[in-house]
Structure formats: structure tokens, C-alpha cells
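Source file: query-v6.cif; contents: mmCIF, C-alpha atoms.
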```cif
data_run
loop_
_atom_site.label_atom_id
_atom_site.label_comp_id
_atom_site.auth_asym_id
_atom_site.auth_seq_id
_atom_site.Cartn_x
_atom_site.Cartn_y
_atom_site.Cartn_z
CA MET A 1 -31.30 87.74 11.38
CA GLU A 2 -30.02 86.31 8.13
CA GLN A 3 -26.49 87.46 9.01
CA ASN A 4 -26.72 85.73 12.40
CA GLU A 5 -27.90 82.50 10.80
CA LEU A 6 -25.11 82.69 8.24
CA PHE A 7 -22.55 83.31 11.01
CA LYS A 8 -23.81 80.28 12.97
CA GLN A 9 -23.58 78.07 9.92
CA LEU A 10 -20.04 79.24 9.17
CA THR A 11 -18.84 78.70 12.76
CA LYS A 12 -20.64 75.40 13.24
CA LYS A 13 -18.25 72.48 13.59
CA SER A 14 -18.40 69.95 10.78
CA VAL A 15 -18.82 66.22 11.27
CA ALA A 16 -15.17 65.66 10.32
CA SER A 17 -14.05 68.25 12.88
CA LYS A 18 -16.10 66.56 15.61
CA LYS A 19 -14.55 63.21 14.70
CA ASP A 20 -11.08 64.74 14.93
CA ILE A 21 -11.82 66.10 18.41
CA PHE A 22 -13.28 62.75 19.49
CA GLY A 23 -10.20 60.91 18.19
CA LYS A 24 -7.92 63.37 19.95
CA TYR A 25 -9.58 62.89 23.33
CA LEU A 26 -9.82 59.13 22.83
CA SER A 27 -6.07 58.93 22.16
CA LEU A 28 -5.36 61.18 25.14
CA SER A 29 -7.53 58.97 27.37
CA ALA A 30 -5.64 55.85 26.22
CA LEU A 31 -2.31 57.58 26.89
CA ILE A 32 -3.42 58.63 30.39
CA LEU A 33 -4.67 55.10 31.13
CA ILE A 34 -1.36 53.57 30.07
CA GLY A 35 0.55 56.12 32.13
CA ILE A 36 -1.56 55.42 35.23
CA THR A 37 -1.09 51.66 34.75
CA VAL A 38 2.69 51.96 34.48
CA VAL A 39 2.92 54.23 37.53
CA ALA A 40 0.64 51.90 39.50
CA ILE A 41 2.78 48.87 38.66
CA LEU A 42 5.97 50.71 39.59
CA PHE A 43 4.47 51.94 42.87
CA PHE A 44 3.06 48.53 43.78
CA VAL A 45 6.20 46.49 43.06
CA ILE A 46 8.62 49.01 44.58
CA SER A 47 6.50 49.51 47.71
CA ARG A 48 6.26 45.76 48.22
CA GLY A 49 9.95 45.30 47.46
CA LEU A 50 10.99 47.90 50.02
CA THR A 51 9.01 46.11 52.74
CA THR A 52 12.00 43.82 53.27
CA PHE A 53 14.08 46.80 54.37
CA THR A 54 11.43 48.96 56.08
CA LEU A 55 9.29 46.43 58.00
CA ASP A 56 11.51 43.35 58.18
CA LYS A 57 14.59 45.48 58.94
CA ILE A 58 16.88 43.55 56.60
CA ASN A 59 20.15 45.31 55.87
CA PRO A 60 20.13 46.27 52.15
CA PHE A 61 23.87 45.64 51.88
CA ARG A 62 23.45 42.18 53.43
CA PHE A 63 20.57 41.46 51.05
CA LEU A 64 22.35 42.57 47.87
CA PHE A 65 25.78 41.13 48.63
CA GLY A 66 25.02 38.16 50.85
CA THR A 67 25.75 34.75 49.37
CA ASP A 68 23.52 32.50 51.49
CA TRP A 69 19.90 32.21 50.37
CA GLN A 70 17.83 30.36 52.98
CA PRO A 71 14.89 32.64 53.86
CA ASN A 72 13.49 30.08 56.33
CA ASN A 73 16.70 29.97 58.39
CA VAL A 74 18.80 32.44 60.39
CA ASP A 75 22.51 32.72 61.14
CA LYS A 76 24.15 32.65 64.59
CA ASN A 77 23.27 36.32 65.08
CA ASN A 78 19.59 35.60 64.37
CA ASN A 79 19.76 37.38 60.99
CA PRO A 80 17.69 35.81 58.17
CA LEU A 81 19.79 34.22 55.44
CA VAL A 82 18.51 36.22 52.49
CA GLY A 83 21.62 36.97 50.42
CA ALA A 84 20.50 37.62 46.82
CA LEU A 85 23.95 37.88 45.23
CA PRO A 86 23.93 34.32 43.76
CA MET A 87 20.70 35.01 41.85
CA ILE A 88 21.81 38.46 40.72
CA PHE A 89 25.16 37.06 39.61
CA GLY A 90 23.52 34.12 37.83
CA SER A 91 21.07 36.38 35.99
CA PHE A 92 23.77 38.74 34.75
CA VAL A 93 26.22 36.00 33.75
CA ILE A 94 23.69 33.95 31.80
CA THR A 95 22.15 37.04 30.18
CA LEU A 96 25.42 38.70 29.16
CA LEU A 97 27.05 35.52 27.85
CA SER A 98 23.97 34.46 25.87
CA ALA A 99 23.80 37.92 24.25
CA LEU A 100 27.54 37.85 23.60
CA VAL A 101 27.16 34.53 21.76
CA ALA A 102 23.94 35.49 19.95
CA ALA A 103 25.07 38.91 18.68
CA PRO A 104 27.62 37.72 16.04
CA PHE A 105 25.21 35.09 14.69
CA ALA A 106 22.35 37.59 14.58
CA ILE A 107 24.38 40.30 12.88
CA GLY A 108 25.82 37.82 10.38
CA THR A 109 22.35 36.52 9.54
CA ALA A 110 21.02 40.06 9.16
CA ILE A 111 23.88 41.00 6.81
CA PHE A 112 23.30 37.88 4.72
CA MET A 113 19.56 38.57 4.43
CA THR A 114 19.88 42.27 3.57
CA GLU A 115 23.14 42.49 1.59
CA VAL A 116 23.98 39.06 0.18
CA SER A 117 20.97 36.79 -0.28
CA ASN A 118 18.49 37.12 -3.09
CA GLN A 119 14.86 37.98 -2.37
CA ARG A 120 13.70 34.36 -2.28
CA GLY A 121 16.38 33.32 0.21
CA ALA A 122 15.63 36.33 2.42
CA LYS A 123 11.93 35.40 2.52
CA ILE A 124 12.74 31.84 3.56
CA MET A 125 15.06 33.07 6.32
CA GLN A 126 12.44 35.60 7.44
CA SER A 127 9.90 32.80 7.80
CA VAL A 128 12.35 30.79 9.91
CA ILE A 129 13.01 33.77 12.17
CA GLU A 130 9.30 34.47 12.62
CA LEU A 131 8.76 30.81 13.50
CA LEU A 132 11.47 30.98 16.18
CA VAL A 133 9.93 34.15 17.63
CA GLY A 134 6.53 32.52 17.92
CA ILE A 135 7.66 29.39 19.79
CA PRO A 136 6.53 29.55 23.47
CA SER A 137 9.27 29.69 26.09
CA VAL A 138 8.05 26.46 27.71
CA VAL A 139 8.81 24.64 24.44
CA TYR A 140 12.35 26.02 24.46
CA GLY A 141 12.67 24.89 28.07
CA PHE A 142 11.38 21.41 27.28
CA ILE A 143 13.78 21.07 24.33
CA GLY A 144 16.59 22.27 26.57
CA LEU A 145 15.63 19.74 29.23
CA THR A 146 15.46 16.78 26.84
CA VAL A 147 18.22 17.70 24.34
CA ILE A 148 20.65 20.32 25.67
CA VAL A 149 20.98 19.05 29.26
CA PRO A 150 21.81 15.44 28.16
CA PHE A 151 24.19 16.81 25.51
CA VAL A 152 26.08 18.92 28.06
CA ARG A 153 26.11 16.01 30.51
CA ASN A 154 27.50 13.54 27.97
CA THR A 155 29.99 15.99 26.43
CA PHE A 156 31.38 17.91 29.39
CA GLY A 157 30.31 15.84 32.39
CA GLY A 158 28.40 16.86 35.46
CA SER A 159 24.63 16.85 35.82
CA GLY A 160 24.02 18.87 32.64
CA PHE A 161 22.04 21.46 34.59
CA GLY A 162 23.89 24.74 34.91
CA ILE A 163 25.13 27.98 33.42
CA LEU A 164 26.11 26.48 30.05
CA SER A 165 22.69 24.94 29.43
CA GLY A 166 20.99 28.21 30.35
CA ILE A 167 23.25 30.14 27.98
CA ILE A 168 22.48 27.80 25.07
CA VAL A 169 18.71 27.98 25.63
CA LEU A 170 18.71 31.77 25.96
CA PHE A 171 21.00 32.07 22.93
CA VAL A 172 18.40 30.33 20.76
CA MET A 173 15.56 32.33 22.32
CA ILE A 174 17.00 35.82 21.80
CA LEU A 175 18.67 35.11 18.45
CA PRO A 176 15.53 35.84 16.34
CA THR A 177 14.80 39.02 18.31
CA ILE A 178 18.27 40.48 17.77
CA THR A 179 18.27 39.30 14.14
CA SER A 180 14.92 40.93 13.30
CA MET A 181 15.89 44.27 14.83
CA SER A 182 19.32 44.15 13.17
CA ILE A 183 17.65 43.58 9.80
CA ASP A 184 15.52 46.68 10.36
CA ALA A 185 18.61 48.67 11.32
CA LEU A 186 20.46 47.60 8.15
CA ASN A 187 17.44 48.27 5.94
CA ASN A 188 17.17 51.78 7.40
CA VAL A 189 20.61 52.69 6.04
CA PRO A 190 19.92 54.91 2.99
CA LYS A 191 20.65 53.29 -0.36
CA ILE A 192 22.63 56.33 -1.41
CA TYR A 193 25.32 55.32 1.10
CA ARG A 194 25.84 52.05 -0.73
CA GLU A 195 25.70 53.68 -4.15
CA SER A 196 28.24 56.30 -3.11
CA ALA A 197 30.62 53.59 -1.83
CA TYR A 198 30.31 51.59 -5.06
CA SER A 199 30.84 54.74 -7.15
CA ILE A 200 34.29 55.31 -5.63
CA GLY A 201 35.35 51.71 -6.25
CA ALA A 202 34.55 50.00 -2.95
CA THR A 203 33.99 46.25 -3.04
CA PRO A 204 30.73 44.78 -1.67
CA TRP A 205 32.45 43.66 1.54
CA GLN A 206 34.11 47.04 2.02
CA THR A 207 30.73 48.68 1.56
CA ILE A 208 29.11 46.38 4.11
CA TYR A 209 31.88 46.68 6.69
CA LYS A 210 32.89 50.34 6.40
CA VAL A 211 29.61 51.96 5.36
CA VAL A 212 26.48 49.91 6.09
CA LEU A 213 27.51 48.37 9.40
CA ARG A 214 28.94 51.58 10.80
CA SER A 215 25.81 53.50 9.87
CA ALA A 216 23.61 50.85 11.48
CA ILE A 217 25.58 50.58 14.75
CA PRO A 218 23.00 52.46 16.89
CA GLY A 219 20.19 50.22 15.66
CA ILE A 220 22.25 47.05 16.11
CA LEU A 221 23.23 48.08 19.65
CA THR A 222 19.57 48.71 20.40
CA ALA A 223 18.78 45.21 19.14
CA ILE A 224 21.44 43.67 21.40
CA VAL A 225 20.23 45.57 24.48
CA PHE A 226 16.65 44.60 23.65
CA GLY A 227 17.77 40.97 23.50
CA LEU A 228 19.52 41.42 26.85
CA SER A 229 16.32 42.77 28.33
CA ARG A 230 14.32 39.79 27.13
CA ALA A 231 16.94 37.32 28.33
CA PHE A 232 17.16 38.96 31.75
CA GLY A 233 13.42 38.59 32.31
CA GLU A 234 13.06 35.05 30.96
CA ALA A 235 11.83 32.64 33.64
CA LEU A 236 10.38 29.29 32.67
CA ALA A 237 12.87 28.11 30.04
CA VAL A 238 15.87 29.02 32.19
CA GLN A 239 14.34 27.49 35.29
CA MET A 240 14.05 24.14 33.54
CA VAL A 241 17.74 23.85 32.65
CA VAL A 242 19.81 25.98 35.01
CA GLY A 243 19.64 23.73 38.07
CA ASN A 244 17.97 26.24 40.45
CA SER A 245 20.74 26.12 43.03
CA PRO A 246 21.06 29.52 44.79
CA VAL A 247 24.85 29.50 45.03
CA ILE A 248 27.51 31.37 43.11
CA PRO A 249 28.61 28.98 40.34
CA GLN A 250 32.23 27.93 40.19
CA ASN A 251 32.28 27.28 36.44
CA ALA A 252 30.02 27.04 33.39
CA LEU A 253 28.90 23.52 34.33
CA SER A 254 27.87 24.41 37.88
CA PRO A 255 24.16 24.60 38.73
CA ALA A 256 22.98 28.13 39.41
CA ALA A 257 19.84 30.18 39.94
CA THR A 258 18.48 33.40 38.47
CA LEU A 259 16.15 36.02 39.85
CA THR A 260 13.32 34.76 37.71
CA SER A 261 13.84 31.07 38.53
CA VAL A 262 13.77 31.73 42.29
CA LEU A 263 10.67 33.91 41.89
CA THR A 264 8.71 31.35 39.91
CA GLN A 265 9.70 28.58 42.28
CA GLY A 266 9.02 30.37 45.54
CA ILE A 267 6.18 32.84 45.03
CA GLY A 268 3.49 30.16 45.27
CA ASN A 269 4.97 28.55 48.38
CA THR A 270 5.05 31.59 50.69
CA THR A 271 2.52 33.32 52.89
CA GLU A 272 1.44 36.87 52.12
CA GLY A 273 3.21 39.31 54.45
CA SER A 274 5.88 36.87 55.61
CA LEU A 275 9.60 37.52 55.30
CA GLN A 276 9.87 34.74 52.71
CA ASN A 277 7.25 36.52 50.59
CA ASP A 278 8.72 39.99 51.11
CA VAL A 279 12.22 39.02 49.93
CA LEU A 280 10.73 37.59 46.74
CA TRP A 281 9.05 40.93 46.11
CA SER A 282 12.46 42.54 46.59
CA LEU A 283 13.84 40.27 43.87
CA ALA A 284 10.93 41.32 41.65
CA MET A 285 11.79 44.96 42.36
CA ILE A 286 15.38 44.34 41.22
CA LEU A 287 14.07 42.79 37.99
CA LEU A 288 11.78 45.76 37.39
CA LEU A 289 14.54 48.29 38.01
CA MET A 290 16.87 46.42 35.66
CA SER A 291 14.18 46.47 32.96
CA LEU A 292 13.95 50.23 33.40
CA VAL A 293 17.73 50.50 33.06
CA PHE A 294 17.66 48.49 29.82
CA ASN A 295 14.89 50.74 28.46
CA LEU A 296 16.86 53.87 29.34
CA ILE A 297 19.92 52.45 27.58
CA ILE A 298 17.83 51.70 24.48
CA ARG A 299 16.43 55.25 24.45
CA LYS A 300 19.89 56.75 24.86
CA ILE A 301 21.31 54.67 22.00
CA GLY A 302 18.31 55.61 19.86
CA LYS A 303 18.85 59.33 20.52
CA LYS A 304 22.53 59.05 19.62
CA GLY A 305 21.55 57.31 16.37
CA GLU A 306 19.10 60.12 15.53
CA MET A 307 21.72 62.77 16.24
CA LYS A 308 24.24 60.92 14.05
CA ASN A 309 21.76 60.66 11.16
CA ASN A 310 20.84 64.34 11.47
CA VAL A 311 24.50 65.30 11.29
#
```
Re-express the file's structure as C-alpha cells.
Amino acid sequence: MEQNELFKQLTKKSVASKKDIFGKYLSLSALILIGITVVAILFFVISRGLTTFTLDKINPFRFLFGTDWQPNNVDKNNNPLVGALPMIFGSFVITLLSALVAAPFAIGTAIFMTEVSNQRGAKIMQSVIELLVGIPSVVYGFIGLTVIVPFVRNTFGGSGFGILSGIIVLFVMILPTITSMSIDALNNVPKIYRESAYSIGATPWQTIYKVVLRSAIPGILTAIVFGLSRAFGEALAVQMVVGNSPVIPQNALSPAATLTSVLTQGIGNTTEGSLQNDVLWSLAMILLLMSLVFNLIIRKIGKKGEMKNNV
């Protein structure tokens, strides 16, 4: 009997062990819940987006490459005018150009904060970046509407609403995001790389350009793609300055429309189950799929960076 009691006491789970098991199952439950939520969102948006092609019988090619967006009207062959190419084109042009402009400024700021500036200057710059990150998008849009649009109008002519104004607003919005992630990428470069470069006689600029920057390329590319992803999904600020004209712009001063601007404008003015509502869900599906593509690109860049560091 005493041996049995001793065996039970030895095999009895301790309080700490029970807490570990509870924490394990709690974490697993949270992971499963997140997974179910993501799958549900994907299923819901994609199923609603495909309604345009399955129930409304819209030709996918006509939808993706058509240039006339008038969901309430039809052409001479009685086909709805639901060409989404102007919005797709506008979204990609504004997103890519804003990231192209923001990347050099962001990388330069990150280099200054990590490699050049003293600790006090870096803290001040970090506070500025955090402030820019925390500003709501509607504030950026309002500033763009009252400052950037008149500036573009008075400097270059036209109405001021268009691609250029959208690029400037998005440039300011994604600049702190790319800068913050670039700073992390530069800080993750081992100090021994810098010390080794200095030991063989490299100058500070040679060390930054040929050692630090090249080692941080995967992280910097991830930052740029992350900024692209945020810019591509931005709605309110862009809607306020881009002009919201669903046509392919002729130049940087021409009014345009993006996927997000058309969605925010039209989703509240359509009837559930109508063609006008279904095509908006199709635009939302395109946005979702593009977000997935950006995430896959980020993961691929991250894996390449890990492989490079392991080598």
C-alpha cells in the first residue's frame, strides 16, 4: 500500500505542469480560432466575388480588361459596362510610384539613424516616425485635400485631383512604415561585420554601402513590399485626393480611381444581390488576392534572408 501511495505521488502532475498544459491548449485554441477566421474571410470574400462570373454571367476577361466602368448601364450588345481595368491600373500605378519615391527617403533616413546620427538625434527622429505612424489616414487625406491638391493645381495646372496628389499622400503615409522596418533590418546586421570592415581599412561610407546595406537587403526589400501592401489597401486618404474618375489616366495630373476608392464610394449605394453590388465584391476579391500575393512575396524574401544569414 505504501508503495502504491508513493507511486501515485511521484506520477501526480504538479501545479506547474498543469499550468503548462493549460497554456499549451489555450495557445492552440487561439491559433485554431485565428485560422478559422482567416479561412472564413477568404471563403466569404472569394465566394461573393465569384458571383459576378457564376450568377451574373460576366465574362472574366471583359471584367478584368474592360475600360468602361458604368455598372448601371449596358453596351449595344446588352452587356453590363463593368470594366475594372481603370481601377486596377490606378491602384498599381499610385502604389508602385509612391513606394518608388518613398524607398530612397526611407532607406536614407534609416542609414542616418543607425549609422551616422548620435543617440540623441536618433531618438528625436524615432519620435517623429512614431508620430507619423500614429496619424489617422483621414487626417492625411484632409491635409492632402487642403494643401497638396491646391499646390498641384497652382504649380502644374489642372484640377489638382489626380495621380500625382495620390502619390504624394501615399508617399508620406508609407514613409514611416518603410523607415521603421529598414531601421530594424540595419540594426539586425551583426556588429562584427562593421568591425571586420573597419579592421581592413574600409571607410565609414564603404562599410555602410558594401557591408551593412548589402547584408540588410532582404529586410529592406521586405520593408518596401510591406509599404506597397499598405499603400495598395489604403482607401480614405487616396479617395479624397485622387479624383475618383474610373478612367485610365493620361498623365500624372489626370483624375483617376483605385479599387479602394470605388469600393468605399459604391458599397453603401448598392442593393444586396444586385449586379452593382456583386461587381464591388469582385473588386474586393482582387484586393484580397493582391494582399495575399504581397504576403507571399514578403515570406519568400524573408526565407532568402534567413538562408543568406545561415550561409
Exercise for the section: Using all atoms listed in the file, pick whichever of A:Met173, A:Ile224, A:Met113, A:Leu96 has the shortest atom-to-atom distance to Ala237 in chain A. Expected result: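 For Ala237 in chain A, the nearest of the candidates is A:Met173.
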Exercise for the section: Would you mind reading off the distance between CA of Met125 in chain A and CA of Gly233 in chain A, one decimal, in Å? Expected result: 26.6 Å
Exercise for the section: Go through the shown structure with the PyMOL selection byres ((chain A and resi 277-280) around 7) and write out the matching residues as number ranges by chain. Expected result: A: 48-49, 51-52, 263, 267, 270-276, 281-284
Exercise for the section: Go ahead and compute the interatomic distance for CA of Gly162 in chain A and CA of Ser254 in chain A, in Å to one decimal. Expected result: 5.0 Å
Exercise for the section: May I ask which of the residues A:Gln239, A:Asn72, A:Thr179, A:Ser215 is the closest one to Arg194 in chain A, counting only C-alpha atoms? Expected result: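 Going through A:Gln239, A:Asn72, A:Thr179, A:Ser215 one by one, the smallest distance to Arg194 in chain A is for A:Ser215.
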Handout entry: Output of the PyMOL selection byres ((chain A and resi 241) around 12), listed as a ChimeraX atom specification
Key = /A:94,138,140-153,159-170,235-240,242-245,253-258,261
Practice task
Step by step, work through what the PyMOL selection byres ((chain A and resi 216) around 12) selects in the shown file, and finish by giving those residues as JSON, numbers by chain.
Solution key: {"A": [107, 110, 111, 181, 182, 183, 184, 185, 186, 187, 188, 189, 190, 193, 208, 209, 210, 211, 212, 213, 214, 215, 217, 218, 219, 220, 221, 222, 223, 301, 302, 304, 305, 306, 308, 309]}
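Separating CA of Pro86 in chain A from CA of Met285 in chain A is a distance of 16.2 Å.
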Problem - Gln126 in chain A surroundings by only C-alpha atoms, 12 Å radius, close-in-sequence under 4 positions cut, as a list in words - result: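 Result of the neighbour search: Thr109, Ala110, Phe112, Met113, Thr114, Ser117, Gln119, Arg120, Gly121, Ala122, Glu130, Leu131, Leu132, Val133, Pro176, Thr177, Thr179, Ser180, Met181, Ile183 and Asp184 of chain A.
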Problem - Contact residues around Leu175 in chain A with all atoms listed in the file at 8 Å, ignoring same-chain residues under 5 positions, as a list in words - result: Ala102, Ala103, Phe105, Ala106 and Gly227 of chain A
Practice task
Please check which residues have atoms at most 9 Å from (17.6, 39.3, 36.7) in the file's coordinates, counting all atoms listed in the file, and write them as a ChimeraX atom specification.
Solution key: /A:87-92,95,231-234,258-260,283-284,286-288,290-291
